[in-house]
Amino acid sequence: MSADEKIQQAIMILQRIAEDTGVPRNIRRAANEAIKILQSKTYTQAVRAANAISVLEECSQDPNMPLFARTAIWQAVSVLEQIRDL
């Protein structure tokens with residue numbers, strides 16, 4: 001799987017969180033921020049992935065996060081951690 005495909009997979013996971021009204025607003029906001037970072041073309045794919053991981057790990061510590069949302073964020077982080085610059 002290419003880095004572009006991994007980024008798209010992570011974006012799809014994060015969009016599910018961002019669109020779920022059962023998820024607290026601050027977590028949906030973090031998911032949207034991570035999506036914007038991933039869609040930006042300013043940095044390399046690995047740098048964008050690392051920046052998105054940073055945002056997601058910070059919000060994943062929120063005790064108000066529903067379990068399914070935390071699992072989805074971990075899944076997105078897992079996909080993003082596989083992206084490396086050549």
# chains A, B, ... in the order shown; residues from 1 in each chain; ligands from 1
>>> residues_around(residues="A:Thr44", least_positions_apart="2", cutoff="12 Å", atoms="only C-alpha atoms", output="count of residues only")
19
>>> closest_residue(among="A:Asp62, A:Ser2, A:Arg28, A:Ala10", to="A:Val77", atoms="only C-alpha atoms")
A:Ala10
>>> atom_distance(atom1="atom CA of A:Leu67", atom2="atom CA of A:Gln45")
28.4 Å
>>> residues_around(residues="A:Ile13", least_positions_apart="3", cutoff="8 Å", atoms="only C-alpha atoms", output="ChimeraX atom specification")
/A:9-10,16-17,72-73,75-76
>>> residues_around(residues="stretch 53-56 of chain A", least_positions_apart="4", cutoff="8 Å", atoms="only C-alpha atoms", output="list of chain:residue names")
A:Ala30, A:Ala31, A:Glu33, A:Ala34, A:Ala49, A:Ser60, A:Ile73, A:Val77, A:Leu80, A:Glu81
>>> select_by_dssp(residues="stretch 10-64 of chain A", states="alpha helix (DSSP H)", output="PyMOL selection string")
chain A and resi 10-19+25-39+45-59
>>> write_last_selection(atoms="N, CA and C atoms", output="short mmCIF file (atom, residue, chain, number, x, y, z; two decimals), in the first residue's frame")
data_model
loop_
_atom_site.label_atom_id
_atom_site.label_comp_id
_atom_site.auth_asym_id
_atom_site.auth_seq_id
_atom_site.Cartn_x
_atom_site.Cartn_y
_atom_site.Cartn_z
N ALA A 10 -6.54 6.74 6.44
CA ALA A 10 -6.61 7.46 7.71
C ALA A 10 -7.65 8.57 7.66
N ILE A 11 -7.72 9.28 6.54
CA ILE A 11 -8.71 10.36 6.39
C ILE A 11 -10.12 9.79 6.48
N MET A 12 -10.36 8.64 5.86
CA MET A 12 -11.69 8.03 5.92
C MET A 12 -12.07 7.68 7.36
N ILE A 13 -11.13 7.14 8.11
CA ILE A 13 -11.38 6.80 9.51
C ILE A 13 -11.70 8.07 10.31
N LEU A 14 -10.91 9.11 10.09
CA LEU A 14 -11.09 10.36 10.84
C LEU A 14 -12.39 11.07 10.44
N GLN A 15 -12.80 10.95 9.20
CA GLN A 15 -14.07 11.56 8.77
C GLN A 15 -15.25 10.93 9.49
N ARG A 16 -15.19 9.63 9.73
CA ARG A 16 -16.27 8.97 10.49
C ARG A 16 -16.38 9.56 11.89
N ILE A 17 -15.25 9.84 12.51
CA ILE A 17 -15.25 10.43 13.85
C ILE A 17 -15.77 11.87 13.78
N ALA A 18 -15.28 12.63 12.81
CA ALA A 18 -15.64 14.04 12.68
C ALA A 18 -17.13 14.23 12.41
N GLU A 19 -17.76 13.28 11.77
CA GLU A 19 -19.17 13.40 11.41
C GLU A 19 -20.11 12.79 12.44
N ARG A 25 -17.30 17.47 20.95
CA ARG A 25 -16.91 18.46 19.95
C ARG A 25 -15.40 18.65 19.84
N ASN A 26 -14.69 18.64 20.97
CA ASN A 26 -13.25 18.86 20.91
C ASN A 26 -12.54 17.72 20.17
N ILE A 27 -13.07 16.52 20.27
CA ILE A 27 -12.47 15.38 19.58
C ILE A 27 -12.79 15.44 18.09
N ARG A 28 -14.00 15.84 17.75
CA ARG A 28 -14.34 16.03 16.33
C ARG A 28 -13.49 17.12 15.72
N ARG A 29 -13.23 18.17 16.50
CA ARG A 29 -12.39 19.27 16.03
C ARG A 29 -10.96 18.78 15.77
N ALA A 30 -10.45 17.95 16.68
CA ALA A 30 -9.09 17.40 16.49
C ALA A 30 -9.05 16.50 15.26
N ALA A 31 -10.08 15.71 15.03
CA ALA A 31 -10.13 14.85 13.84
C ALA A 31 -10.13 15.71 12.58
N ASN A 32 -10.91 16.79 12.58
CA ASN A 32 -10.93 17.69 11.42
C ASN A 32 -9.58 18.36 11.21
N GLU A 33 -8.93 18.73 12.30
CA GLU A 33 -7.60 19.34 12.19
C GLU A 33 -6.60 18.36 11.59
N ALA A 34 -6.66 17.11 12.03
CA ALA A 34 -5.76 16.08 11.49
C ALA A 34 -6.03 15.85 10.00
N ILE A 35 -7.31 15.87 9.62
CA ILE A 35 -7.66 15.71 8.20
C ILE A 35 -7.06 16.84 7.37
N LYS A 36 -7.19 18.08 7.88
CA LYS A 36 -6.63 19.22 7.15
C LYS A 36 -5.12 19.10 7.02
N ILE A 37 -4.46 18.65 8.07
CA ILE A 37 -3.01 18.46 8.02
C ILE A 37 -2.65 17.43 6.96
N LEU A 38 -3.39 16.32 6.93
CA LEU A 38 -3.10 15.25 5.98
C LEU A 38 -3.37 15.67 4.54
N GLN A 39 -4.36 16.53 4.33
CA GLN A 39 -4.71 16.95 2.97
C GLN A 39 -3.81 18.07 2.46
N GLN A 45 4.82 13.65 2.94
CA GLN A 45 3.80 12.77 3.51
C GLN A 45 4.14 12.34 4.93
N ALA A 46 5.41 12.03 5.19
CA ALA A 46 5.81 11.58 6.51
C ALA A 46 5.67 12.68 7.56
N VAL A 47 5.99 13.90 7.18
CA VAL A 47 5.86 15.03 8.11
C VAL A 47 4.40 15.31 8.41
N ARG A 48 3.56 15.26 7.38
CA ARG A 48 2.11 15.45 7.59
C ARG A 48 1.56 14.37 8.49
N ALA A 49 1.99 13.13 8.27
CA ALA A 49 1.52 12.01 9.10
C ALA A 49 1.96 12.22 10.55
N ALA A 50 3.20 12.63 10.75
CA ALA A 50 3.71 12.85 12.12
C ALA A 50 2.95 13.98 12.81
N ASN A 51 2.65 15.05 12.08
CA ASN A 51 1.89 16.16 12.65
C ASN A 51 0.48 15.73 13.02
N ALA A 52 -0.15 14.94 12.16
CA ALA A 52 -1.50 14.45 12.45
C ALA A 52 -1.49 13.50 13.66
N ILE A 53 -0.49 12.65 13.74
CA ILE A 53 -0.36 11.74 14.88
C ILE A 53 -0.25 12.54 16.17
N SER A 54 0.51 13.61 16.15
CA SER A 54 0.68 14.45 17.34
C SER A 54 -0.67 15.00 17.81
N VAL A 55 -1.47 15.51 16.89
CA VAL A 55 -2.79 16.04 17.22
C VAL A 55 -3.69 14.94 17.78
N LEU A 56 -3.66 13.78 17.13
CA LEU A 56 -4.54 12.68 17.54
C LEU A 56 -4.14 12.09 18.90
N GLU A 57 -2.85 11.97 19.15
CA GLU A 57 -2.41 11.40 20.42
C GLU A 57 -2.77 12.33 21.58
N GLU A 58 -2.72 13.62 21.33
CA GLU A 58 -3.08 14.57 22.37
C GLU A 58 -4.56 14.43 22.74
N CYS A 59 -5.43 14.30 21.76
CA CYS A 59 -6.86 14.21 22.06
C CYS A 59 -7.26 12.81 22.52
#
>>> atom_distance(atom1="atom CA of A:Tyr43", atom2="atom CA of A:Trp74")
22.8 Å
